[in-house]
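Visitor: Next comes the structure file entry-v1.txt, holding compact mmCIF, C-alpha atoms.
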# COMPACT_ATOMS: atom_id res chain seq x y z
CA MET V 14 18.57 14.29 15.56
CA SER V 15 19.09 12.14 18.64
CA SER V 16 17.71 8.65 18.98
CA ARG V 17 15.56 9.76 21.90
CA ASP V 18 13.84 12.42 19.78
CA THR V 19 13.22 9.91 17.04
CA LEU V 20 11.72 7.46 19.50
CA SER V 21 9.21 9.97 20.79
CA GLU V 22 8.24 10.97 17.25
CA VAL V 23 7.90 7.37 16.12
CA THR V 24 5.74 6.50 19.11
CA VAL V 25 3.36 9.33 18.17
CA LEU V 26 3.11 7.85 14.67
CA VAL V 27 2.51 4.37 16.10
CA ARG V 28 -0.33 5.72 18.22
CA GLN V 29 -1.81 7.47 15.20
CA THR V 30 -1.59 4.26 13.16
CA LEU V 31 -3.47 2.26 15.76
CA ALA V 32 -5.69 5.17 16.84
CA LEU V 33 -4.42 4.74 20.40
CA PRO V 34 -4.89 7.44 23.03
CA GLU V 35 -1.90 9.49 24.15
CA SER V 36 -2.06 7.78 27.51
CA GLU V 37 -1.20 4.43 25.90
CA PRO V 38 2.46 3.74 26.61
CA ILE V 39 4.63 2.67 23.67
CA SER V 40 8.17 1.52 24.34
CA ALA V 41 11.17 0.79 22.13
CA GLN V 42 11.15 -2.84 23.22
CA GLN V 43 7.64 -3.56 21.97
CA LEU V 44 7.25 -5.76 18.92
CA PHE V 45 4.83 -4.50 16.31
CA PHE V 46 3.22 -7.80 15.47
CA TYR V 47 3.53 -9.63 18.78
CA ASP V 48 2.99 -6.86 21.35
CA LEU V 49 1.10 -4.13 19.54
CA GLY V 50 -1.14 -6.36 17.42
CA PHE V 51 -0.04 -4.86 14.12
CA THR V 52 -1.22 -6.33 10.84
CA SER V 53 0.81 -6.02 7.66
CA MET V 54 -1.51 -3.18 6.60
CA ASP V 55 -0.86 -1.38 9.90
CA LEU V 56 2.86 -1.65 9.30
CA LEU V 57 2.48 -0.30 5.79
CA ASP V 58 0.38 2.55 7.15
CA LEU V 59 3.06 3.30 9.76
CA LEU V 60 5.80 3.29 7.13
CA PHE V 61 3.81 5.79 5.05
CA ARG V 62 3.51 8.00 8.10
CA VAL V 63 7.20 7.64 8.95
CA GLU V 64 8.21 8.47 5.38
CA GLN V 65 5.99 11.52 5.32
CA HIS V 66 6.96 12.72 8.80
CA PHE V 67 10.73 12.31 8.47
CA GLN V 68 10.88 12.97 4.71
CA ILE V 69 12.71 9.73 4.05
CA GLU V 70 12.06 6.71 1.85
CA ILE V 71 11.78 3.20 3.20
CA PRO V 72 11.27 1.01 0.16
CA GLU V 73 10.13 -2.58 0.41
CA GLY V 74 13.01 -4.89 1.28
CA THR V 75 14.91 -2.36 3.40
CA ILE V 76 15.28 -4.69 6.41
CA TYR V 77 16.38 -7.46 4.06
CA ARG V 78 19.04 -5.26 2.43
CA LEU V 79 20.32 -3.93 5.74
CA ALA V 80 20.63 -7.43 7.19
CA ARG V 81 22.32 -8.80 4.07
CA GLY V 82 24.79 -5.92 3.79
CA GLU V 83 27.62 -6.86 1.46
CA LEU V 84 26.96 -10.58 1.78
CA PRO V 85 26.31 -12.27 -1.59
CA GLU V 86 22.63 -12.94 -2.17
CA ALA V 87 23.07 -16.72 -2.32
CA GLU V 88 24.79 -16.76 1.07
CA PHE V 89 22.04 -14.73 2.67
CA ALA V 90 18.94 -16.48 1.32
CA GLN V 91 18.08 -19.41 -0.86
CA ASP V 92 14.66 -19.83 -2.47
CA ALA V 93 13.54 -16.78 -0.45
CA VAL V 94 14.37 -18.49 2.87
CA LEU V 95 17.23 -17.11 4.98
CA THR V 96 20.30 -19.31 5.29
CA GLU V 97 21.90 -19.94 8.71
CA THR V 98 24.20 -16.99 8.01
CA GLY V 99 21.29 -14.87 6.85
CA ARG V 100 19.31 -15.72 9.96
CA ALA V 101 22.27 -14.82 12.19
CA ARG V 102 22.70 -11.50 10.39
CA LEU V 103 19.02 -10.68 10.76
CA MET V 104 19.19 -11.50 14.47
CA ALA V 105 22.24 -9.25 14.82
CA LEU V 106 20.43 -6.40 13.09
CA LEU V 107 17.30 -6.92 15.21
CA TYR V 108 19.27 -7.53 18.41
CA ASP V 109 16.48 -6.28 20.67
CA THR V 110 13.99 -8.88 19.44
CA PRO V 111 13.89 -11.95 21.72
CA PRO V 112 15.96 -14.66 19.95
CA GLN V 113 13.32 -17.32 20.58
CA LEU V 114 10.95 -15.47 18.23
CA PHE V 115 13.10 -16.23 15.19
CA PRO V 116 11.99 -19.57 13.72
CA PRO V 117 14.56 -21.88 12.09
CA ARG V 118 13.17 -21.08 8.64
CA ILE V 119 12.56 -17.40 8.02
CA HIS V 120 10.94 -16.41 4.75
CA ALA V 121 12.43 -13.29 3.24
CA THR V 122 9.07 -11.53 3.01
CA THR V 123 8.38 -11.85 6.74
CA LEU V 124 11.33 -9.88 8.13
CA PRO V 125 9.35 -6.80 9.28
CA ARG V 126 7.37 -9.13 11.56
CA PHE V 127 10.37 -9.37 13.85
CA CYS V 128 10.88 -5.62 14.29
CA THR V 129 10.56 -3.76 17.54
CA VAL V 130 9.64 -0.11 17.73
CA GLY V 131 13.30 0.45 18.54
CA ALA V 132 14.35 -1.20 15.28
CA ILE V 133 12.25 1.26 13.29
CA VAL V 134 13.75 4.12 15.32
CA ARG V 135 17.24 2.87 14.41
CA LEU V 136 16.19 2.57 10.80
CA VAL V 137 14.91 6.15 10.77
CA ASP V 138 18.12 7.39 12.42
CA HIS V 139 20.14 5.46 9.86
CA LYS V 140 18.16 7.01 6.99
CA LEU V 141 18.39 10.50 8.46
CA ALA V 142 22.15 10.15 8.95
CA ALA V 143 22.55 8.92 5.37
CA GLN V 144 20.47 11.86 4.18
CA GLN V 145 22.68 14.30 6.08
CA CYS V 146 25.83 12.71 4.66
CA SER V 147 24.58 13.04 1.10
CA SER V 148 23.43 16.66 1.48
CA MET A 16 -20.80 -2.66 -9.54
CA PHE A 17 -18.54 -2.59 -12.58
CA GLU A 18 -20.94 -1.20 -15.16
CA LEU A 19 -20.03 2.44 -14.63
CA ILE A 20 -16.49 2.38 -16.04
CA GLN A 21 -16.59 2.79 -19.79
CA THR A 22 -12.99 2.88 -20.99
CA ILE A 23 -9.54 2.23 -19.60
CA LYS A 24 -6.03 2.66 -20.95
CA ILE A 25 -3.18 1.12 -18.96
CA ASP A 26 0.41 2.14 -19.64
CA VAL A 27 2.58 -0.08 -17.46
CA GLU A 28 5.83 1.57 -18.55
CA LYS A 29 4.54 4.94 -17.45
CA ARG A 30 3.02 3.26 -14.39
CA ARG A 31 -0.39 4.81 -14.94
CA ALA A 32 -3.93 4.19 -16.09
CA LEU A 33 -6.56 6.55 -17.43
CA ALA A 34 -10.25 5.71 -17.49
CA THR A 35 -13.66 7.22 -18.07
CA ALA A 36 -16.93 6.48 -16.35
CA PHE A 37 -20.50 7.60 -16.70
CA VAL A 38 -22.76 7.69 -13.68
CA PRO A 39 -26.45 8.16 -14.51
CA ALA A 40 -28.79 10.03 -12.23
CA ASN A 41 -31.41 7.32 -12.22
CA HIS A 42 -29.24 4.47 -10.94
CA PRO A 43 -31.13 2.61 -8.17
CA LEU A 44 -28.18 3.16 -5.81
CA PHE A 45 -28.88 6.87 -5.72
CA ALA A 46 -32.64 6.82 -5.29
CA ASP A 47 -32.30 8.19 -1.77
CA HIS A 48 -28.92 9.88 -2.17
CA PHE A 49 -30.56 12.34 -2.41
CA PRO A 50 -34.22 12.55 -3.56
CA GLY A 51 -34.44 15.14 -6.31
CA THR A 52 -30.71 15.94 -6.07
CA PRO A 53 -28.74 12.82 -6.98
CA LEU A 54 -25.21 13.14 -5.61
CA LEU A 55 -22.36 10.71 -6.20
CA PRO A 56 -21.31 9.24 -2.83
CA GLY A 57 -17.63 9.71 -1.99
CA SER A 58 -17.33 6.00 -1.22
CA LEU A 59 -18.41 5.20 -4.78
CA MET A 60 -15.77 7.55 -6.15
CA ILE A 61 -13.18 5.60 -4.16
CA GLU A 62 -14.61 2.34 -5.52
CA LEU A 63 -14.44 3.60 -9.11
CA ALA A 64 -10.85 4.74 -8.59
CA ALA A 65 -10.04 1.30 -7.17
CA GLN A 66 -11.56 -0.28 -10.28
CA VAL A 67 -8.90 1.61 -12.25
CA ALA A 68 -6.02 1.19 -9.79
CA GLY A 69 -6.70 -2.55 -9.48
CA PRO A 70 -6.03 -3.55 -13.10
CA LEU A 71 -3.05 -1.16 -13.13
CA ALA A 72 -1.62 -2.91 -10.06
CA GLU A 73 -2.23 -6.34 -11.57
CA GLU A 74 -0.59 -5.48 -14.89
CA PHE A 75 2.27 -3.73 -13.09
CA ALA A 76 2.88 -6.82 -10.93
CA LEU A 77 2.85 -9.02 -14.00
CA ALA A 78 5.27 -6.79 -15.91
CA GLN A 79 7.60 -5.87 -13.05
CA LEU A 80 7.51 -8.97 -10.89
CA GLY A 81 6.46 -11.58 -13.42
CA VAL A 82 3.67 -12.79 -11.18
CA GLU A 83 -0.05 -13.01 -11.81
CA ARG A 84 -1.93 -11.47 -8.92
CA TRP A 85 -5.48 -10.55 -8.07
CA SER A 86 -5.77 -7.03 -6.76
CA ILE A 87 -8.22 -5.82 -4.12
CA LEU A 88 -8.45 -2.56 -2.23
CA GLY A 89 -6.46 -2.71 1.00
CA MET A 90 -6.22 0.83 2.32
CA VAL A 91 -7.42 4.32 1.49
CA ARG A 92 -5.04 7.11 2.43
CA ASP A 93 -5.39 10.87 2.34
CA ALA A 94 -8.71 10.90 0.52
CA ARG A 95 -9.98 14.37 -0.32
CA PHE A 96 -13.39 15.08 -1.78
CA LEU A 97 -12.88 18.48 -3.32
CA HIS A 98 -16.25 19.17 -4.93
CA PRO A 99 -19.68 17.52 -4.88
CA VAL A 100 -20.51 15.55 -8.00
CA PHE A 101 -24.13 15.95 -9.04
CA LEU A 102 -25.53 13.34 -11.36
CA PRO A 103 -25.54 12.49 -14.17
CA ALA A 104 -21.79 12.94 -14.58
CA HIS A 105 -18.97 11.87 -16.84
CA LEU A 106 -15.86 11.13 -14.80
CA ASP A 107 -12.21 11.08 -15.84
CA LEU A 108 -10.19 8.84 -13.58
CA SER A 109 -6.45 8.43 -13.30
CA ALA A 110 -4.22 6.13 -11.29
CA GLU A 111 -0.45 6.29 -11.03
CA VAL A 112 1.76 3.85 -9.17
CA SER A 113 3.31 5.63 -6.21
CA ARG A 114 4.84 2.77 -4.27
CA PRO A 115 5.46 -0.58 -5.90
CA GLY A 116 5.83 -3.69 -3.80
CA SER A 117 5.59 -7.44 -4.06
CA SER A 118 2.48 -7.75 -1.90
CA THR A 119 0.95 -4.31 -2.38
CA VAL A 120 0.99 -1.62 -5.04
CA SER A 121 0.01 1.88 -4.02
CA ALA A 122 -1.42 4.34 -6.52
CA ASN A 123 -2.25 8.00 -6.43
CA VAL A 124 -5.73 8.33 -7.88
CA THR A 125 -7.76 11.29 -9.05
CA VAL A 126 -11.29 11.80 -10.32
CA ALA A 127 -12.17 14.84 -12.42
CA VAL A 128 -15.41 16.18 -13.87
CA GLU A 129 -15.23 18.53 -16.84
CA GLY A 130 -11.55 19.14 -16.14
CA GLU A 131 -12.01 19.92 -12.46
CA ARG A 132 -10.52 17.57 -9.89
CA VAL A 133 -13.21 16.38 -7.52
CA MET A 134 -11.39 13.67 -5.59
CA GLN A 135 -7.84 12.57 -4.87
CA ALA A 136 -6.47 9.80 -2.71
CA GLU A 137 -3.79 7.19 -2.40
CA LEU A 138 -5.05 3.63 -2.67
CA VAL A 139 -3.09 0.64 -1.45
CA MET A 140 -4.00 -2.31 -3.62
CA MET A 141 -3.28 -5.71 -2.11
CA LEU A 142 -1.91 -8.34 -4.46
CA LEU A 143 -3.28 -11.78 -3.75
CA GLU A 144 -2.56 -15.13 -5.27
CA ALA A 145 -5.69 -16.31 -6.96
CA SER A 146 -7.09 -19.61 -5.81
CA ALA A 147 -8.97 -22.06 -8.01
CA ASP A 148 -12.22 -20.89 -6.41
CA TRP A 149 -11.82 -17.54 -8.09
CA ALA A 150 -11.95 -18.85 -11.64
CA ARG A 151 -15.35 -17.31 -12.39
CA ALA A 152 -14.41 -13.98 -10.85
CA ILE A 153 -11.20 -13.83 -12.84
CA GLU A 154 -12.99 -14.76 -16.03
CA ALA A 155 -15.47 -11.94 -15.44
CA ARG A 156 -12.60 -9.57 -14.66
CA ASN A 157 -10.86 -10.47 -17.90
CA GLU A 158 -14.03 -10.00 -19.95
CA ARG A 159 -14.73 -6.69 -18.26
CA LEU A 160 -11.21 -5.40 -18.79
CA ALA A 161 -11.19 -6.45 -22.43
CA ARG A 162 -14.46 -4.60 -22.93
CA TRP A 163 -13.17 -1.45 -21.24
CA LYS A 164 -9.94 -1.52 -23.23
CA ALA A 165 -11.75 -2.03 -26.54
CA SER A 166 -14.14 0.88 -26.01
Once more with this new file: its structure as structure tokens, please.

Guide:
Amino acid sequence: MSSRDTLSEVTVLVRQTLALPESEPISAQQLFFYDLGFTSMDLLDLLFRVEQHFQIEIPEGTIYRLARGELPEAEFAQDAVLTETGRARLMALLYDTPPQLFPPRIHATTLPRFCTVGAIVRLVDHKLAAQQCSS
Amino acid sequence: MFELIQTIKIDVEKRRALATAFVPANHPLFADHFPGTPLLPGSLMIELAAQVAGPLAEEFALAQLGVERWSILGMVRDARFLHPVFLPAHLDLSAEVSRPGSSTVSANVTVAVEGERVMQAELVMMLLEASADWARAIEARNERLARWKAS
């Protein structure tokens, strides 16, 4: 599935989550919490819809694990706050989020707050590709 | 609000809770719902299911995450009311953790009457840190839960 297809499907799910009309434009660059006015419950609702629609699983902590990669836990975060390295890795993963939005101290539980619609599209593509590889 | 649940059994390892409730026909809530034909409102079925999913979420969070949390209903998903429930009625309720998390626990819930499923939904229970102001509420919750478990 191409990224463009995924984007159009995700935008439909975003509209459904917020009960927005079809005429409401949603773009990959928009931030869920800053631009679209998402709450944490909205994001959870969207993730349920994404999981159901694409038949994938996005467990809690997915962004955290993707950003950390193979880096040892202690080098990525300490006392649930990202280290300098951890912060840099998160910013690299979420490269389409304006850098000025990342505060110096980022709590590990707040990572989804920095996601754009495009980041979720990439996540879905990543999951779908992994699913194809394993099948 | 909490007097309708009669028993509860929580099995954290199996991630589920089973409960029973009795809803009388003459409860003041149903005086006009409907006159002569008391019918259990769907919203109350959701509330009763949340009263089962809540303690399950709290005990699950304590066992899995080692944190004491106060659970309240955050979201209702995919609710289906399959049959009307005329009162009085004995209800069998079940809740099973479907999506564990550190700030929310989701549970698939069902309500059945005489073996027939009358409602199903997924409830997202929010896990909140209790503040000192909640001491009375938590005390009442603990008493209530102990009573339900002992019955």

Visitor: Counting all atoms listed in the file, what is within 9 Å of segment 94-97 of chain A, bar same-chain residues fewer than 6 positions away, as a list of chain:residue names?

Guide: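 Here the qualifying residues turn out to be A:Gly57, A:Ile61, A:Arg132, A:Val133, A:Met134, A:Gln135, A:Ala136, A:Glu137, A:Leu138.
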
Visitor: What residues in chain A lie within 10 Å of chain V, counting only C-alpha atoms, written as a list in words?

Guide: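 Going by the stated atoms only, the list reads Gly89, Met90, Val91, Arg92, Arg114, Pro115, Gly116, Ser117, Ser118, Thr119, Val139 and Met141 of chain A.
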
Visitor: Hey, can you spit out that residue selection with C-alpha atoms as a compact mmCIF listing (two decimals), in the frame of the given file?

Guide:
# COMPACT_ATOMS: atom_id res chain seq x y z
CA GLY A 89 -6.46 -2.71 1.00
CA MET A 90 -6.22 0.83 2.32
CA VAL A 91 -7.42 4.32 1.49
CA ARG A 92 -5.04 7.11 2.43
CA ARG A 114 4.84 2.77 -4.27
CA PRO A 115 5.46 -0.58 -5.90
CA GLY A 116 5.83 -3.69 -3.80
CA SER A 117 5.59 -7.44 -4.06
CA SER A 118 2.48 -7.75 -1.90
CA THR A 119 0.95 -4.31 -2.38
CA VAL A 139 -3.09 0.64 -1.45
CA MET A 141 -3.28 -5.71 -2.11

Visitor: Please list as number ranges by chain every residue within 8 Å of Val137 of chain V, counting only C-alpha atoms and excluding residues in the same chain fewer than 5 positions away.

Guide: V: 19, 67, 69

Visitor: Give me the residues within 10 Å of Val82 of chain A as a PyMOL selection string, counting all atoms listed in the file and dropping any in the same chain fewer than 3 places off.

Guide: chain A and resi 73-79+85+117+142+144

Visitor: Report, in Å with one decimal, the straight-line distance from atom CA of Gln29 of chain V to atom CA of Leu56 of chain V.

Guide: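 Separation of atom CA of Gln29 of chain V and atom CA of Leu56 of chain V: 11.8 Å.
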
Visitor: In Å, how far is it from atom CA of Pro111 of chain V to atom CA of Asp18 of chain V?

Guide: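 Distance between the two atoms: 24.4 Å.
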
Visitor: Please indicate the distance in Å from atom CA of Arg102 of chain V to atom CA of Val27 of chain V, rounded to one decimal place.

Guide: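 Atom CA of Val27 of chain V lies at a distance of 26.3 Å from atom CA of Arg102 of chain V.
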
Visitor: Please provide the set of residues having any atom within 8 Å of Leu20 of chain V, restricted to all atoms listed in the file, with same-chain residues fewer than 5 positions apart removed, written as a ChimeraX atom specification.

Guide: /V:41,131,134

Visitor: Give me the residues within 9 Å of His120 of chain V as a PyMOL selection string, counting only C-alpha atoms and dropping any in the same chain fewer than 3 places off.

Guide: chain V and resi 90+92-95+123-124
